[in-house]
>>> print(open('work.cif').read())   # mmCIF, C-alpha atoms
data_structure
loop_
_atom_site.group_PDB
_atom_site.id
_atom_site.type_symbol
_atom_site.label_atom_id
_atom_site.label_comp_id
_atom_site.auth_asym_id
_atom_site.auth_seq_id
_atom_site.Cartn_x
_atom_site.Cartn_y
_atom_site.Cartn_z
ATOM 1 C CA MET A 1 121.223 139.770 150.854
ATOM 2 C CA GLU A 2 121.392 138.048 147.480
ATOM 3 C CA GLU A 3 117.895 139.235 146.622
ATOM 4 C CA ASP A 4 118.870 142.859 147.332
ATOM 5 C CA LYS A 5 121.719 142.592 144.798
ATOM 6 C CA LYS A 6 119.304 141.225 142.235
ATOM 7 C CA TYR A 7 116.958 144.212 142.595
ATOM 8 C CA PHE A 8 119.893 146.609 142.599
ATOM 9 C CA ARG A 9 121.182 145.145 139.322
ATOM 10 C CA MET A 10 117.742 145.304 137.721
ATOM 11 C CA GLY A 11 117.313 148.923 138.827
ATOM 12 C CA LEU A 12 120.777 149.817 137.515
ATOM 13 C CA ILE A 13 120.052 148.226 134.147
ATOM 14 C CA LEU A 14 116.708 150.022 133.958
ATOM 15 C CA MET A 15 118.316 153.400 134.764
ATOM 16 C CA LEU A 16 121.058 152.773 132.202
ATOM 17 C CA GLY A 17 118.423 151.976 129.575
ATOM 18 C CA ILE A 18 116.496 155.177 130.323
ATOM 19 C CA PHE A 19 119.718 157.220 130.156
ATOM 20 C CA LEU A 20 120.677 155.640 126.832
ATOM 21 C CA GLN A 21 117.201 156.339 125.439
ATOM 22 C CA PHE A 22 117.551 159.990 126.478
ATOM 23 C CA ILE A 23 120.953 160.292 124.753
ATOM 24 C CA LEU A 24 119.613 158.706 121.546
ATOM 25 C CA ALA A 25 116.600 161.041 121.535
ATOM 26 C CA LEU A 26 118.919 164.059 121.788
ATOM 27 C CA ALA A 27 121.052 162.760 118.931
ATOM 28 C CA GLU A 28 117.965 162.317 116.741
ATOM 29 C CA THR A 29 116.857 165.934 117.156
ATOM 30 C CA ALA A 30 120.274 167.401 116.268
ATOM 31 C CA ASP A 31 120.462 168.986 112.818
ATOM 32 C CA SER A 32 122.968 167.575 110.349
ATOM 33 C CA PRO A 33 123.739 167.851 106.630
ATOM 34 C CA ASN A 34 122.435 164.329 106.042
ATOM 35 C CA LYS A 35 119.167 165.146 107.793
ATOM 36 C CA ALA A 36 118.781 168.347 105.742
ATOM 37 C CA VAL A 37 119.173 166.521 102.434
ATOM 38 C CA THR A 38 116.894 163.668 103.486
ATOM 39 C CA GLU A 39 114.157 166.083 104.588
ATOM 40 C CA PHE A 40 114.486 168.070 101.353
ATOM 41 C CA VAL A 41 114.235 164.952 99.172
ATOM 42 C CA LYS A 42 111.220 163.705 101.153
ATOM 43 C CA ALA A 43 109.521 167.081 100.703
ATOM 44 C CA TYR A 44 110.408 167.041 96.997
ATOM 45 C CA CYS A 45 108.792 163.624 96.547
ATOM 46 C CA LYS A 46 105.690 164.613 98.542
ATOM 47 C CA TYR A 47 105.345 168.016 96.814
ATOM 48 C CA ASP A 48 105.557 169.842 100.158
ATOM 49 C CA ALA A 49 106.402 173.492 99.394
ATOM 50 C CA LYS A 50 106.818 174.603 102.999
ATOM 51 C CA ALA A 51 109.298 171.863 103.915
ATOM 52 C CA MET A 52 111.262 172.368 100.685
ATOM 53 C CA ASN A 53 111.589 176.118 101.281
ATOM 54 C CA GLU A 54 112.740 175.533 104.866
ATOM 55 C CA ARG A 55 115.695 173.483 103.659
ATOM 56 C CA LEU A 56 116.642 175.593 100.639
ATOM 57 C CA GLY A 57 119.251 178.316 100.981
ATOM 58 C CA ASN A 58 117.936 181.872 101.165
ATOM 59 C CA GLU A 59 119.018 182.686 97.597
ATOM 60 C CA LEU A 60 117.225 179.659 96.141
ATOM 61 C CA ALA A 61 114.095 180.165 98.239
ATOM 62 C CA GLU A 62 113.789 183.764 97.034
ATOM 63 C CA GLN A 63 113.947 182.678 93.381
ATOM 64 C CA GLY A 64 110.607 180.887 93.674
ATOM 65 C CA ILE A 65 111.832 177.626 92.169
ATOM 66 C CA VAL A 66 109.622 175.586 94.485
ATOM 67 C CA SER A 67 106.404 177.268 93.391
ATOM 68 C CA SER A 68 107.275 176.861 89.710
ATOM 69 C CA TYR A 69 108.153 173.184 90.303
ATOM 70 C CA LEU A 70 104.843 172.586 92.093
ATOM 71 C CA ALA A 71 102.875 174.435 89.419
ATOM 72 C CA SER A 72 104.341 172.288 86.643
ATOM 73 C CA ALA A 73 103.826 169.101 88.679
ATOM 74 C CA GLU A 74 100.209 170.028 89.382
ATOM 75 C CA GLU A 75 99.643 170.753 85.687
ATOM 76 C CA LYS A 76 101.018 167.309 84.778
ATOM 77 C CA SER A 77 98.890 165.590 87.411
ATOM 78 C CA ARG A 78 95.706 167.375 86.286
ATOM 79 C CA ALA A 79 96.443 166.393 82.668
ATOM 80 C CA ARG A 80 96.531 162.780 83.847
ATOM 81 C CA GLY A 81 93.299 163.230 85.800
ATOM 82 C CA PHE A 82 94.761 163.117 89.319
ATOM 83 C CA THR A 83 95.374 165.492 92.171
ATOM 84 C CA LEU A 84 98.925 166.332 93.135
ATOM 85 C CA SER A 85 98.751 164.317 96.360
ATOM 86 C CA TYR A 86 98.068 161.123 94.400
ATOM 87 C CA LEU A 87 101.440 161.402 92.669
ATOM 88 C CA SER A 88 103.441 161.826 95.883
ATOM 89 C CA ASP A 89 106.028 159.149 96.585
ATOM 90 C CA TRP A 90 107.799 157.746 99.625
ATOM 91 C CA LEU A 91 111.492 157.098 100.066
ATOM 92 C CA TYR A 92 112.899 153.699 100.933
ATOM 93 C CA ASN A 93 116.431 152.483 101.719
ATOM 94 C CA VAL A 94 117.856 155.982 102.174
ATOM 95 C CA GLU A 95 121.661 156.150 102.314
ATOM 96 C CA THR A 96 123.532 159.443 102.694
ATOM 97 C CA VAL A 97 127.246 160.247 102.744
ATOM 98 C CA TYR A 98 128.484 163.663 103.888
ATOM 99 C CA THR A 99 131.770 164.954 102.478
ATOM 100 C CA PRO A 100 133.025 167.917 104.521
ATOM 101 C CA PRO A 101 134.795 170.751 102.703
ATOM 102 C CA LYS A 102 138.470 171.545 103.177
ATOM 103 C CA ASP A 103 137.825 175.219 103.949
ATOM 104 C CA ASP A 104 134.623 174.993 106.056
ATOM 105 C CA SER A 105 132.411 176.489 103.363
ATOM 106 C CA LYS A 106 129.954 174.262 101.506
ATOM 107 C CA GLY A 107 130.079 170.511 101.836
ATOM 108 C CA THR A 108 128.359 167.861 99.749
ATOM 109 C CA VAL A 109 125.929 165.102 100.609
ATOM 110 C CA HIS A 110 125.401 162.171 98.290
ATOM 111 C CA ILE A 111 122.035 160.426 98.638
ATOM 112 C CA LYS A 112 120.882 157.097 97.226
ATOM 113 C CA CYS A 113 117.360 155.809 97.738
ATOM 114 C CA LYS A 114 114.327 154.212 96.153
ATOM 115 C CA ARG A 115 111.327 156.369 95.338
ATOM 116 C CA LYS A 116 107.932 154.763 94.923
ATOM 117 C CA CYS A 117 104.292 155.240 95.736
ATOM 118 C CA PRO A 118 103.231 152.788 98.457
ATOM 119 C CA LEU A 119 99.822 151.888 97.041
ATOM 120 C CA ARG A 120 100.825 151.695 93.392
ATOM 121 C CA SER A 121 103.983 149.726 94.212
ATOM 122 C CA PHE A 122 101.825 147.174 96.033
ATOM 123 C CA PHE A 123 100.003 146.563 92.773
ATOM 124 C CA GLY A 124 103.178 146.320 90.708
ATOM 125 C CA GLY A 125 104.094 149.965 90.184
ATOM 126 C CA SER A 126 107.522 151.088 89.091
ATOM 127 C CA VAL A 127 110.437 151.981 91.333
ATOM 128 C CA ASN A 128 112.528 155.072 90.618
ATOM 129 C CA TYR A 129 116.026 155.403 92.002
ATOM 130 C CA ILE A 130 117.464 158.664 93.284
ATOM 131 C CA ASP A 131 121.239 159.017 93.101
ATOM 132 C CA GLU A 132 122.062 162.708 93.576
ATOM 133 C CA THR A 133 124.699 164.926 95.140
ATOM 134 C CA PHE A 134 123.680 168.126 96.938
ATOM 135 C CA GLU A 135 125.692 171.122 98.115
ATOM 136 C CA VAL A 136 124.959 172.000 101.738
ATOM 137 C CA ALA A 137 126.020 174.840 104.039
ATOM 138 C CA PHE A 138 125.153 176.042 107.529
ATOM 139 C CA GLU A 139 122.936 179.136 107.230
ATOM 140 C CA ASP A 140 120.560 180.716 109.765
ATOM 141 C CA GLN A 141 121.374 178.059 112.390
ATOM 142 C CA LYS A 142 120.296 175.240 110.028
ATOM 143 C CA TRP A 143 121.837 173.131 107.316
ATOM 144 C CA LYS A 144 120.473 174.249 103.941
ATOM 145 C CA ILE A 145 120.628 173.090 100.314
ATOM 146 C CA PHE A 146 122.470 175.140 97.690
ATOM 147 C CA GLY A 147 123.394 174.667 94.050
ATOM 148 C CA ASN A 148 120.866 173.225 91.637
ATOM 149 C CA PRO A 149 118.887 170.490 93.439
ATOM 150 C CA PHE A 150 117.227 168.115 90.979
ATOM 151 C CA GLY A 151 117.818 170.666 88.215
ATOM 152 C CA LEU A 152 115.107 172.978 89.581
ATOM 153 C CA VAL A 153 117.071 176.136 88.800
ATOM 154 C CA GLU A 154 116.707 177.105 85.157
#
>>> encode(input="work.cif", output="structure tokens")
Amino acid sequence: MEEDKKYFRMGLILMLGIFLQFILALAETADSPNKAVTEFVKAYCKYDAKAMNERLGNELAEQGIVSSYLASAEEKSRARGFTLSYLSDWLYNVETVYTPPKDDSKGTVHIKCKRKCPLRSFFGGSVNYIDETFEVAFEDQKWKIFGNPFGLVE
């Protein structure tokens, strides 16, 4: 009798763990303003045009700011004798704070993180800090970036 209770408890704990894992997986896939900004900044640091355009608002994406940013970055990297992928960085210690608007229009997300290249930082490379505020809004069933991210709009 006592052994049956032991197996019942273990089975209940196992089922609760599986249920909790399922709930956490659903929460991870949900889109949010913080996730939009984090994905955009990661794409910006990795020079990923497709991912940047997915998170930019329709007006900004149509202006072609991403292609001009990538063209100037590639020109700088070639002048230094590298390919563009060599200059890509990773983000560390990402912290985001979402400030919702009063009238349900565009909110803001403030992001703080470290930006560095993993290989070069291992050998004593420099660390750059990102401390930016982005305007976000819900457009086309996704959170998108508006305004002037990283001063890309001229």
>>> residues_around(input="work.cif", residues="range 41-54 of chain A", least_positions_apart="5", cutoff="10 Å", atoms="all atoms listed in the file", output="MDAnalysis selection string")
chainID A and resid 35:36 60:62 64:67 69:70 73:74 84:91 111 113 115:117 130 132 142:145 149:150
>>> residues_around(input="work.cif", residues="Tyr98 in chain A", least_positions_apart="6", cutoff="9 Å", atoms="all atoms listed in the file", output="NGL selection string")
:A and (33-34 or 107-111)
>>> closest_residue(input="work.cif", among="A:Lys6, A:Pro100, A:Thr29, A:Phe22", to="Phe138 in chain A", atoms="all atoms listed in the file")
A:Pro100
>>> atom_distance(input="work.cif", atom1="CA of Gly151 in chain A", atom2="CA of Glu59 in chain A")
15.3 Å
>>> atom_distance(input="work.cif", atom1="CA of Glu2 in chain A", atom2="CA of Leu16 in chain A")
21.2 Å
>>> atom_distance(input="work.cif", atom1="CA of Val153 in chain A", atom2="CA of Val37 in chain A")
16.8 Å
>>> axis_aligned_box(input="work.cif", around="range 35-39 of chain A", padding_each_side="5 Å", output="AutoDock Vina command-line options")
--center_x 116.7 --center_y 166.0 --center_z 105.1 --size_x 15.0 --size_y 14.7 --size_z 15.4
>>> closest_residue(input="work.cif", among="A:Ile23, A:Glu95, A:Ile18, A:Asp31", to="Arg55 in chain A", atoms="all atoms listed in the file")
A:Asp31
>>> closest_residue(input="work.cif", among="A:Arg80, A:Tyr92, A:Gly57, A:Ala71", to="Glu135 in chain A", atoms="all atoms listed in the file")
A:Gly57
>>> closest_residue(input="work.cif", among="A:Glu3, A:Ile13, A:Pro101, A:Leu20", to="Val136 in chain A", atoms="all atoms listed in the file")
A:Pro101
>>> closest_residue(input="work.cif", among="A:Phe82, A:Gly147, A:Gln21, A:Glu39", to="Val94 in chain A", atoms="all atoms listed in the file")
A:Glu39
